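Dropping data_6.pdb in here (PDB, C-alpha atoms and all ligand atoms):
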```pdb
ATOM      1  CA  MET O 146      22.293  65.171  -2.003
ATOM      2  CA  ILE O 147      22.188  61.587  -3.100
ATOM      3  CA  ILE O 148      22.973  58.889  -0.616
ATOM      4  CA  ARG O 149      23.394  55.409  -1.971
ATOM      5  CA  MET O 150      23.095  52.537   0.391
ATOM      6  CA  VAL O 151      24.764  49.284  -0.460
ATOM      7  CA  SER O 152      22.799  47.084   1.841
ATOM      8  CA  CYS O 153      24.130  44.078   3.611
ATOM      9  CA  LEU O 154      21.826  41.997   1.468
ATOM     10  CA  VAL O 155      23.352  43.293  -1.746
ATOM     11  CA  ALA O 156      26.853  42.595  -0.483
ATOM     12  CA  LEU O 157      25.798  39.121   0.594
ATOM     13  CA  ALA O 158      24.161  38.484  -2.767
ATOM     14  CA  VAL O 159      27.318  39.538  -4.596
ATOM     15  CA  ALA O 160      29.425  37.356  -2.335
ATOM     16  CA  ALA O 161      27.072  34.425  -2.846
ATOM     17  CA  ALA O 162      27.057  34.918  -6.608
ATOM     18  CA  LEU O 163      30.842  35.064  -6.691
ATOM     19  CA  SER O 164      31.241  32.006  -4.514
ATOM     20  CA  GLY O 165      29.219  30.078  -7.052
ATOM     21  CA  CYS O 166      26.327  28.669  -5.041
ATOM     22  CA  ALA O 167      24.589  28.727  -1.704
ATOM     23  CA  GLY O 168      26.296  25.467  -0.761
ATOM     24  CA  GLY O 169      29.795  27.004  -1.022
ATOM     25  CA  GLN O 170      31.725  28.938   1.545
ATOM     26  CA  PRO O 171      29.529  31.182   3.708
ATOM     27  CA  ALA O 172      29.332  34.728   2.426
ATOM     28  CA  ALA O 173      31.217  37.382   4.340
ATOM     29  CA  PRO O 174      28.885  39.021   6.841
ATOM     30  CA  VAL O 175      29.756  42.450   5.541
ATOM     31  CA  GLY O 176      27.669  45.609   5.611
ATOM     32  CA  SER O 177      28.441  48.713   3.623
ATOM     33  CA  PHE O 178      27.365  52.318   3.370
ATOM     34  CA  SER O 179      28.209  54.435   0.377
ATOM     35  CA  SER O 180      27.955  58.196   0.069
ATOM     36  CA  ASP O 181      28.066  60.382  -3.011
ATOM     37  CA  ASN O 182      28.490  63.586  -1.085
ATOM     38  CA  PRO O 183      30.703  65.276  -2.141
ATOM     39  CA  GLY O 184      32.612  62.423  -3.838
ATOM     40  CA  SER O 185      31.643  58.766  -3.750
ATOM     41  CA  VAL O 186      33.177  56.830  -0.854
ATOM     42  CA  ASN O 187      32.459  53.621   1.056
ATOM     43  CA  ILE O 188      32.635  52.354   4.595
ATOM     44  CA  HIS O 189      32.388  48.608   5.233
ATOM     45  CA  TRP O 190      31.797  46.720   8.452
ATOM     46  CA  VAL O 191      32.501  43.069   9.176
ATOM     47  CA  SER O 192      30.411  41.204  11.700
ATOM     48  CA  ALA O 193      32.833  39.514  14.118
ATOM     49  CA  PRO O 194      31.933  37.240  17.047
ATOM     50  CA  ASP O 195      32.462  40.094  19.526
ATOM     51  CA  GLY O 196      31.353  43.170  17.590
ATOM     52  CA  LEU O 197      31.714  44.973  14.311
ATOM     53  CA  VAL O 198      35.039  45.790  12.697
ATOM     54  CA  LEU O 199      34.810  48.914  10.521
ATOM     55  CA  VAL O 200      36.989  49.443   7.480
ATOM     56  CA  ASP O 201      37.646  53.180   7.029
ATOM     57  CA  GLY O 202      35.518  56.062   8.287
ATOM     58  CA  LEU O 203      34.011  58.151   5.445
ATOM     59  CA  ARG O 204      34.762  61.780   4.537
ATOM     60  CA  THR O 205      32.317  63.758   6.632
ATOM     61  CA  LEU O 206      30.917  63.603  10.138
ATOM     62  CA  SER O 207      27.361  63.844   8.767
ATOM     63  CA  ASP O 208      27.904  60.808   6.514
ATOM     64  CA  ALA O 209      29.446  58.992   9.459
ATOM     65  CA  ARG O 210      26.274  59.721  11.473
ATOM     66  CA  ARG O 211      24.151  58.235   8.670
ATOM     67  CA  ALA O 212      26.314  55.124   8.543
ATOM     68  CA  LEU O 213      26.215  54.929  12.330
ATOM     69  CA  THR O 214      22.420  54.651  12.233
ATOM     70  CA  GLN O 215      22.746  51.536  10.050
ATOM     71  CA  ILE O 216      25.606  50.174  12.105
ATOM     72  CA  GLN O 217      23.704  50.591  15.362
ATOM     73  CA  ALA O 218      20.671  48.880  13.819
ATOM     74  CA  THR O 219      22.730  45.665  13.689
ATOM     75  CA  GLY O 220      22.646  45.585  17.492
ATOM     76  CA  GLN O 221      26.383  44.900  17.604
ATOM     77  CA  PRO O 222      28.872  47.364  19.100
ATOM     78  CA  VAL O 223      31.823  48.669  17.106
ATOM     79  CA  ALA O 224      34.879  46.728  18.288
ATOM     80  CA  ALA O 225      37.564  48.329  16.108
ATOM     81  CA  ILE O 226      38.215  50.620  13.168
ATOM     82  CA  LEU O 227      40.738  49.665  10.477
ATOM     83  CA  VAL O 228      42.156  52.445   8.312
ATOM     84  CA  THR O 229      43.392  51.503   4.839
ATOM     85  CA  HIS O 230      45.160  54.759   3.937
ATOM     86  CA  PRO O 231      45.305  58.391   5.012
ATOM     87  CA  HIS O 232      43.140  60.220   2.479
ATOM     88  CA  PRO O 233      40.581  62.670   3.943
ATOM     89  CA  ASP O 234      37.594  60.901   2.373
ATOM     90  CA  HIS O 235      38.371  57.802   4.460
ATOM     91  CA  VAL O 236      39.313  59.376   7.788
ATOM     92  CA  GLY O 237      37.336  62.628   8.127
ATOM     93  CA  GLY O 238      34.316  60.882   9.651
ATOM     94  CA  ILE O 239      36.220  58.665  12.099
ATOM     95  CA  GLY O 240      35.677  61.166  14.915
ATOM     96  CA  GLU O 241      31.968  60.338  14.875
ATOM     97  CA  PHE O 242      32.614  56.604  15.367
ATOM     98  CA  ASP O 243      35.256  57.404  17.971
ATOM     99  CA  ARG O 244      32.762  59.523  19.930
ATOM    100  CA  ALA O 245      30.162  56.742  19.849
ATOM    101  CA  TYR O 246      32.671  53.961  20.652
ATOM    102  CA  PRO O 247      35.622  55.579  22.449
ATOM    103  CA  GLU O 248      36.950  52.185  23.586
ATOM    104  CA  ALA O 249      37.320  50.859  20.032
ATOM    105  CA  PRO O 250      40.954  50.826  18.899
ATOM    106  CA  ILE O 251      41.768  52.492  15.574
ATOM    107  CA  TYR O 252      44.330  50.600  13.499
ATOM    108  CA  ALA O 253      46.611  51.933  10.764
ATOM    109  CA  ASN O 254      50.174  51.413   9.686
ATOM    110  CA  THR O 255      52.867  53.814  10.874
ATOM    111  CA  ALA O 256      53.033  55.895   7.694
ATOM    112  CA  THR O 257      49.267  56.370   7.623
ATOM    113  CA  ALA O 258      49.052  57.454  11.276
ATOM    114  CA  GLU O 259      51.946  59.858  10.746
ATOM    115  CA  PHE O 260      50.334  61.360   7.655
ATOM    116  CA  ILE O 261      47.069  61.893   9.538
ATOM    117  CA  ARG O 262      48.924  63.475  12.466
ATOM    118  CA  THR O 263      51.046  65.873  10.400
ATOM    119  CA  ASP O 264      48.973  66.545   7.220
ATOM    120  CA  PRO O 265      52.164  67.055   5.150
ATOM    121  CA  LEU O 266      50.298  67.793   1.901
ATOM    122  CA  GLY O 267      47.625  69.962   3.510
ATOM    123  CA  PHE O 268      44.843  67.544   2.483
ATOM    124  CA  TYR O 269      42.874  67.810   5.733
ATOM    125  CA  ALA O 270      43.247  71.572   5.930
ATOM    126  CA  LEU O 271      41.963  71.884   2.350
ATOM    127  CA  THR O 272      39.035  69.526   2.928
ATOM    128  CA  HIS O 273      38.155  71.399   6.106
ATOM    129  CA  GLN O 274      38.209  74.635   4.109
ATOM    130  CA  GLN O 275      35.804  73.122   1.556
ATOM    131  CA  LEU O 276      33.441  71.413   3.987
ATOM    132  CA  GLY O 277      33.733  73.435   7.183
ATOM    133  CA  ASP O 278      32.952  71.700  10.452
ATOM    134  CA  ASP O 279      31.636  68.611   8.653
ATOM    135  CA  HIS O 280      35.288  67.642   8.117
ATOM    136  CA  PRO O 281      37.615  68.205  11.070
ATOM    137  CA  ALA O 282      40.802  70.165  10.352
ATOM    138  CA  LYS O 283      42.586  67.634  12.541
ATOM    139  CA  PRO O 284      41.128  64.136  12.218
ATOM    140  CA  VAL O 285      41.377  61.525  14.958
ATOM    141  CA  VAL O 286      44.803  59.860  14.773
ATOM    142  CA  PRO O 287      44.864  56.027  14.835
ATOM    143  CA  ASP O 288      46.119  54.679  18.158
ATOM    144  CA  HIS O 289      47.040  51.094  17.196
ATOM    145  CA  THR O 290      49.759  50.124  14.721
ATOM    146  CA  VAL O 291      49.442  47.485  12.017
ATOM    147  CA  ALA O 292      52.984  46.141  11.632
ATOM    148  CA  PRO O 293      54.041  45.356   8.047
ATOM    149  CA  GLY O 294      52.310  42.141   6.968
ATOM    150  CA  ALA O 295      51.245  41.263  10.527
ATOM    151  CA  PRO O 296      47.761  39.834  11.103
ATOM    152  CA  VAL O 297      45.152  41.711  13.103
ATOM    153  CA  ASP O 298      43.122  39.656  15.594
ATOM    154  CA  ILE O 299      40.243  41.640  16.990
ATOM    155  CA  ALA O 300      36.772  40.869  18.377
ATOM    156  CA  GLY O 301      37.246  37.192  17.517
ATOM    157  CA  LEU O 302      38.035  38.015  13.897
ATOM    158  CA  HIS O 303      41.296  37.046  12.203
ATOM    159  CA  LEU O 304      42.465  39.288   9.390
ATOM    160  CA  GLU O 305      45.596  39.049   7.290
ATOM    161  CA  THR O 306      47.166  42.292   6.143
ATOM    162  CA  ALA O 307      49.515  43.525   3.447
ATOM    163  CA  GLU O 308      51.327  46.832   3.410
ATOM    164  CA  PHE O 309      52.042  48.853   0.278
ATOM    165  CA  GLY O 310      54.300  51.815  -0.415
ATOM    166  CA  ALA O 311      53.555  55.043  -2.251
ATOM    167  CA  GLY O 312      50.915  54.553  -4.936
ATOM    168  CA  GLU O 313      47.343  55.787  -4.706
ATOM    169  CA  ALA O 314      48.400  57.294  -1.377
ATOM    170  CA  VAL O 315      51.666  57.637   0.510
ATOM    171  CA  ALA O 316      50.979  54.200   2.020
ATOM    172  CA  ALA O 317      48.228  51.605   2.127
ATOM    173  CA  VAL O 318      47.167  48.498   4.004
ATOM    174  CA  ALA O 319      44.813  45.864   2.611
ATOM    175  CA  TYR O 320      42.888  43.616   5.014
ATOM    176  CA  TYR O 321      41.863  40.063   4.118
ATOM    177  CA  GLN O 322      39.469  37.766   5.928
ATOM    178  CA  PRO O 323      40.503  34.228   4.929
ATOM    179  CA  ASP O 324      37.339  32.528   6.259
ATOM    180  CA  SER O 325      35.114  34.337   3.791
ATOM    181  CA  ALA O 326      37.841  35.226   1.259
ATOM    182  CA  ALA O 327      36.846  38.894   1.495
ATOM    183  CA  LEU O 328      39.470  41.468   0.586
ATOM    184  CA  PHE O 329      39.238  45.084   1.789
ATOM    185  CA  ALA O 330      41.518  46.975  -0.553
ATOM    186  CA  GLY O 331      40.821  50.619   0.295
ATOM    187  CA  ASP O 332      41.679  52.817  -2.663
ATOM    188  CA  LEU O 333      44.173  50.424  -4.212
ATOM    189  CA  VAL O 334      41.168  49.324  -6.245
ATOM    190  CA  GLY O 335      38.175  51.453  -7.220
ATOM    191  CA  ASN O 336      35.191  50.180  -9.179
ATOM    192  CA  ARG O 337      34.323  52.394 -12.164
ATOM    193  CA  VAL O 338      35.405  55.667 -10.592
ATOM    194  CA  THR O 339      37.692  58.525 -11.643
ATOM    195  CA  PRO O 340      40.613  58.220  -9.221
ATOM    196  CA  ALA O 341      42.785  60.976  -7.771
ATOM    197  CA  LEU O 342      46.303  60.674  -9.210
ATOM    198  CA  LEU O 343      47.470  63.899  -7.617
ATOM    199  CA  GLU O 344      50.309  62.328  -5.703
ATOM    200  CA  GLY O 345      51.920  61.216  -8.961
ATOM    201  CA  HIS O 346      52.715  57.610  -8.081
ATOM    202  CA  THR O 347      50.903  55.666 -10.803
ATOM    203  CA  CYS O 348      53.945  53.414 -11.236
ATOM    204  CA  GLY O 349      53.960  52.633  -7.514
ATOM    205  CA  TRP O 350      50.217  52.016  -7.701
ATOM    206  CA  LEU O 351      50.601  49.587 -10.638
ATOM    207  CA  THR O 352      53.288  47.740  -8.704
ATOM    208  CA  SER O 353      51.000  47.585  -5.649
ATOM    209  CA  LEU O 354      48.217  46.065  -7.767
ATOM    210  CA  ASP O 355      50.471  43.194  -8.880
ATOM    211  CA  GLN O 356      51.537  42.657  -5.277
ATOM    212  CA  LEU O 357      47.938  42.738  -4.045
ATOM    213  CA  ARG O 358      46.827  40.080  -6.529
ATOM    214  CA  ALA O 359      49.837  37.870  -5.766
ATOM    215  CA  ARG O 360      49.412  38.219  -2.001
ATOM    216  CA  PHE O 361      45.714  37.233  -1.869
ATOM    217  CA  PRO O 362      45.173  34.846  -4.802
ATOM    218  CA  ASP O 363      42.230  33.121  -3.082
ATOM    219  CA  ALA O 364      40.171  36.282  -2.543
ATOM    220  CA  ARG O 365      36.609  35.807  -3.812
ATOM    221  CA  ILE O 366      35.154  39.253  -3.236
ATOM    222  CA  LEU O 367      36.823  42.643  -3.110
ATOM    223  CA  TYR O 368      35.352  45.581  -1.203
ATOM    224  CA  PRO O 369      36.743  48.781  -2.736
ATOM    225  CA  GLY O 370      37.086  52.237  -1.225
ATOM    226  CA  HIS O 371      34.891  53.625  -4.002
ATOM    227  CA  GLY O 372      32.245  51.811  -6.051
ATOM    228  CA  ALA O 373      30.505  48.464  -5.701
ATOM    229  CA  PRO O 374      32.125  45.245  -4.449
ATOM    230  CA  GLY O 375      33.058  42.671  -7.058
ATOM    231  CA  ASP O 376      35.368  39.951  -8.323
ATOM    232  CA  PRO O 377      38.948  40.694  -7.152
ATOM    233  CA  ALA O 378      40.750  39.688 -10.351
ATOM    234  CA  ALA O 379      38.343  41.628 -12.569
ATOM    235  CA  LEU O 380      38.463  44.766 -10.429
ATOM    236  CA  ILE O 381      42.258  44.688 -10.100
ATOM    237  CA  ASP O 382      42.612  44.178 -13.872
ATOM    238  CA  ALA O 383      40.269  47.103 -14.556
ATOM    239  CA  GLN O 384      42.159  49.392 -12.177
ATOM    240  CA  ARG O 385      45.439  48.395 -13.809
ATOM    241  CA  GLU O 386      43.984  49.034 -17.262
ATOM    242  CA  TYR O 387      42.809  52.518 -16.220
ATOM    243  CA  LEU O 388      46.225  53.497 -14.886
ATOM    244  CA  ARG O 389      48.119  52.061 -17.856
ATOM    245  CA  THR O 390      45.774  53.805 -20.290
ATOM    246  CA  PHE O 391      46.167  57.089 -18.426
ATOM    247  CA  ARG O 392      49.959  56.826 -18.579
ATOM    248  CA  GLN O 393      49.840  55.849 -22.258
ATOM    249  CA  LEU O 394      47.645  58.828 -23.149
ATOM    250  CA  THR O 395      49.840  61.249 -21.201
ATOM    251  CA  ARG O 396      53.249  59.900 -22.291
ATOM    252  CA  PRO O 397      53.399  61.628 -25.729
ATOM    253  CA  THR O 398      52.924  65.025 -24.077
ATOM    254  CA  VAL O 399      56.256  64.744 -22.277
ATOM    255  CA  ALA O 400      58.171  63.083 -25.114
ATOM    256  CA  GLU O 401      61.033  64.848 -26.841
ATOM    257  CA  GLY O 402      59.739  67.043 -29.643
ATOM    258  CA  SER O 403      56.193  67.206 -28.222
ATOM    259  CA  PRO O 404      54.222  70.359 -29.191
ATOM    260  CA  GLY O 405      54.574  71.872 -25.711
ATOM    261  CA  GLY O 406      58.266  71.085 -25.411
ATOM    262  CA  GLY O 407      57.573  68.629 -22.611
ATOM    263  CA  GLU O 408      54.702  70.647 -21.088
ATOM    264  CA  VAL O 409      51.105  69.505 -21.581
ATOM    265  CA  THR O 410      49.373  71.898 -23.968
ATOM    266  CA  ALA O 411      45.711  72.896 -23.669
ATOM    267  CA  ASP O 412      44.948  70.927 -26.851
ATOM    268  CA  GLU O 413      46.661  67.817 -25.508
ATOM    269  CA  GLN O 414      44.814  68.139 -22.213
ATOM    270  CA  ARG O 415      41.458  68.442 -23.997
ATOM    271  CA  SER O 416      42.242  65.461 -26.183
ATOM    272  CA  ILE O 417      43.250  63.246 -23.246
ATOM    273  CA  ILE O 418      40.138  64.183 -21.256
ATOM    274  CA  GLY O 419      37.964  63.467 -24.302
ATOM    275  CA  LYS O 420      39.495  60.014 -24.710
ATOM    276  CA  LEU O 421      39.136  59.259 -20.990
ATOM    277  CA  ASP O 422      35.494  60.376 -21.006
ATOM    278  CA  ARG O 423      34.718  58.139 -23.980
ATOM    279  CA  ARG O 424      36.506  55.141 -22.525
ATOM    280  CA  TYR O 425      35.260  55.613 -18.953
ATOM    281  CA  PRO O 426      31.900  57.355 -19.283
ATOM    282  CA  ASN O 427      30.146  58.606 -16.151
ATOM    283  CA  TYR O 428      32.855  57.446 -13.773
ATOM    284  CA  PRO O 429      32.150  59.531 -10.657
ATOM    285  CA  ARG O 430      35.171  61.358  -9.281
ATOM    286  CA  VAL O 431      36.441  60.240  -5.915
ATOM    287  CA  ALA O 432      37.199  63.785  -4.761
ATOM    288  CA  SER O 433      35.166  66.973  -4.887
ATOM    289  CA  LEU O 434      37.582  68.582  -7.323
ATOM    290  CA  PRO O 435      35.827  69.772 -10.499
ATOM    291  CA  ASN O 436      39.175  69.825 -12.341
ATOM    292  CA  ILE O 437      40.375  66.438 -11.121
ATOM    293  CA  GLN O 438      41.124  65.253 -14.688
ATOM    294  CA  GLU O 439      43.354  68.271 -15.357
ATOM    295  CA  LEU O 440      45.136  67.815 -12.026
ATOM    296  CA  ASN O 441      45.599  64.100 -12.717
ATOM    297  CA  ILE O 442      47.124  64.796 -16.140
ATOM    298  CA  ALA O 443      49.527  67.380 -14.689
ATOM    299  CA  ALA O 444      50.606  65.018 -11.897
ATOM    300  CA  VAL O 445      51.103  62.027 -14.193
ATOM    301  CA  ALA O 446      53.005  64.179 -16.724
ATOM    302  CA  THR O 447      55.370  65.239 -13.936
ATOM    303  CA  GLU O 448      55.758  61.617 -12.868
ATOM    304  CA  LEU O 449      56.476  60.431 -16.427
ATOM    305  CA  ARG O 450      59.013  63.201 -16.990
ATOM    306  CA  GLY O 451      60.948  61.953 -13.966
ATOM    307  CA  GLU O 452      60.943  58.282 -14.984
ATOM    308  CA  ASN O 453      63.977  56.509 -16.344
ATOM    309  CA  SER O 454      62.551  54.041 -18.852
ATOM    310  CA  ALA O 455      65.600  51.762 -18.538
ATOM    311  CA  ALA O 456      65.015  51.347 -14.788
ATOM    312  CA  LEU O 457      61.213  51.189 -14.871
ATOM    313  CA  ALA O 458      59.467  48.467 -12.837
ATOM    314  CA  PRO O 459      57.934  45.769 -15.079
ATOM    315  CA  ALA O 460      54.384  46.772 -14.069
ATOM    316  CA  CYS O 461      54.980  50.276 -15.475
ATOM    317  CA  GLN O 462      56.624  49.509 -18.837
ATOM    318  CA  PRO O 463      54.780  51.050 -21.798
TER     319      PRO O 463
HETATM  320 ZN    ZN O 501      42.547  57.447  -1.475
END
```
Would you mind writing the file's structure down as structure tokens?
Amino acid sequence: MIIRMVSCLVALAVAAALSGCAGGQPAAPVGSFSSDNPGSVNIHWVSAPDGLVLVDGLRTLSDARRALTQIQATGQPVAAILVTHPHPDHVGGIGEFDRAYPEAPIYANTATAEFIRTDPLGFYALTHQQLGDDHPAKPVVPDHTVAPGAPVDIAGLHLETAEFGAGEAVAAVAYYQPDSAALFAGDLVGNRVTPALLEGHTCGWLTSLDQLRARFPDARILYPGHGAPGDPAALIDAQREYLRTFRQLTRPTVAEGSPGGGEVTADEQRSIIGKLDRRYPNYPRVASLPNIQELNIAAVATELRGENSAALAPACQP
């Protein structure tokens, strides 16, 4: 098992580098913990005047315990947990933080809380099957609602928020701390990782990326759900490029007169995976699915088959 720690110092150094110089805006007092087991995923915590505000909660209870050791070493209590979206790798470990800090409110938007409560796609049940008791079959459900676009004021910290529709997940919320220009984007933006496109909303995701960039133009550092923090514009552009490339590679397989008659053939699948591997070498997968590339291709092919090119959002045009 490999555990990578992104120390507070690294995050501060990145923030300082991005802000240009030590004399600029103070770097966001952000700590992070990153786990590779069984798919890379991050938790971040922001140091507020009256405690720490966590962003997301990791996949497993054991990873959450490891992060908790670092969090408790800060000497600050956890004041709140913010959930960006309802995927198991970001909520499975929340129970551990909830046990340690039962008073801390857990924030999410309505769609995210509902998804966690009802598990409509069986994600939590499946993850529980894979990981056993390290991932609860029924994760802790957020108990505080983030209203669309409403700010969150907690522990003396002011955060702006933006809500997004179906894309990487059924719903997403990004959190932005204007004082330090730090943007917590959840899985709307990954850094050099193989994403899960299983829900088949790459067009929604591309639209969300344009909205995210337009909503927080002053962001100086972006903390992603997977991978290292970095420059917001560069990371958003790279995520957009990945999704557009994926759609472009998959589109011919569903075109009229394609070899499989609209179905992806084994040859086409192999060819697409080969091109992805060359273009994005060693991008760790965000989920513990050995066939994530195949599943992504199938989901995006289904999505493309259902698209009406005449009515396609500008972000999704070929
Ligand atoms: Zn996700």
task: Let me have all residues with an atom within 8 Å of ligand ZN 501 (chain O), counting all atoms listed in the file, laid out as a list of chain:residue names.
output: O:His230, O:Pro231, O:His232, O:Pro233, O:Asp234, O:His235, O:Glu313, O:Ala314, O:Gly331, O:Asp332, O:Leu333, O:Ala341, O:Gly370
task: Would you list the residues near (47.4, 54.0, 18.7), meaning any protein, DNA or RNA residue with an atom at most 8 Å from that point in file coordinates, counting all atoms listed in the file, as a list in words?
output: Pro250, Ile251, Tyr252, Val286, Pro287, Asp288, His289 and Thr290 of chain O
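One distance worth recording is that between atom CA of Ala311 of chain O and atom CA of Gln356 of chain O, which is 12.9 Å.
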- prompt: When you draw a straight line from atom CA of Ala400 of chain O to atom CA of Ala446 of chain O, how long is it in Å?
  reply: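 Pair atom CA of Ala400 of chain O / atom CA of Ala446 of chain O returns 9.9 Å.
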task: Would you translate the PyMOL selection byres (((chain O and resi 283) around 10) and not hetatm) into the concrete set of residues it matches in this file, as a PyMOL selection string?
output: chain O and resi 237+240+261-264+269-270+273+280-282+284-286
- prompt: Mind telling me what the PyMOL selection byres (((chain O and resi 312) around 12) and not hetatm) catches here, as a PyMOL selection string?
  reply: chain O and resi 230+308-311+313-318+332-334+340-354+356+388+445+448
query: When you draw a straight line from atom CA of Ile226 of chain O to atom CA of Pro293 of chain O, how long is it in Å?
result: 17.4 Å
- request: Name every residue that the PyMOL selection byres (((chain O and resi 187) around 10) and not hetatm) selects in this structure, writing the answer as a PyMOL selection string with chains first and numbers rising.
  value: chain O and resi 149-151+177-181+185-186+188-189+200-204+212+234-235+331-332+368-373
message: Using all atoms listed in the file and a cutoff of 6 Å, can you tell me which residues are near (30.9, 51.4, 18.8) in the file's coordinates, and write them out as number ranges by chain?
response: O: 222-223, 245-246
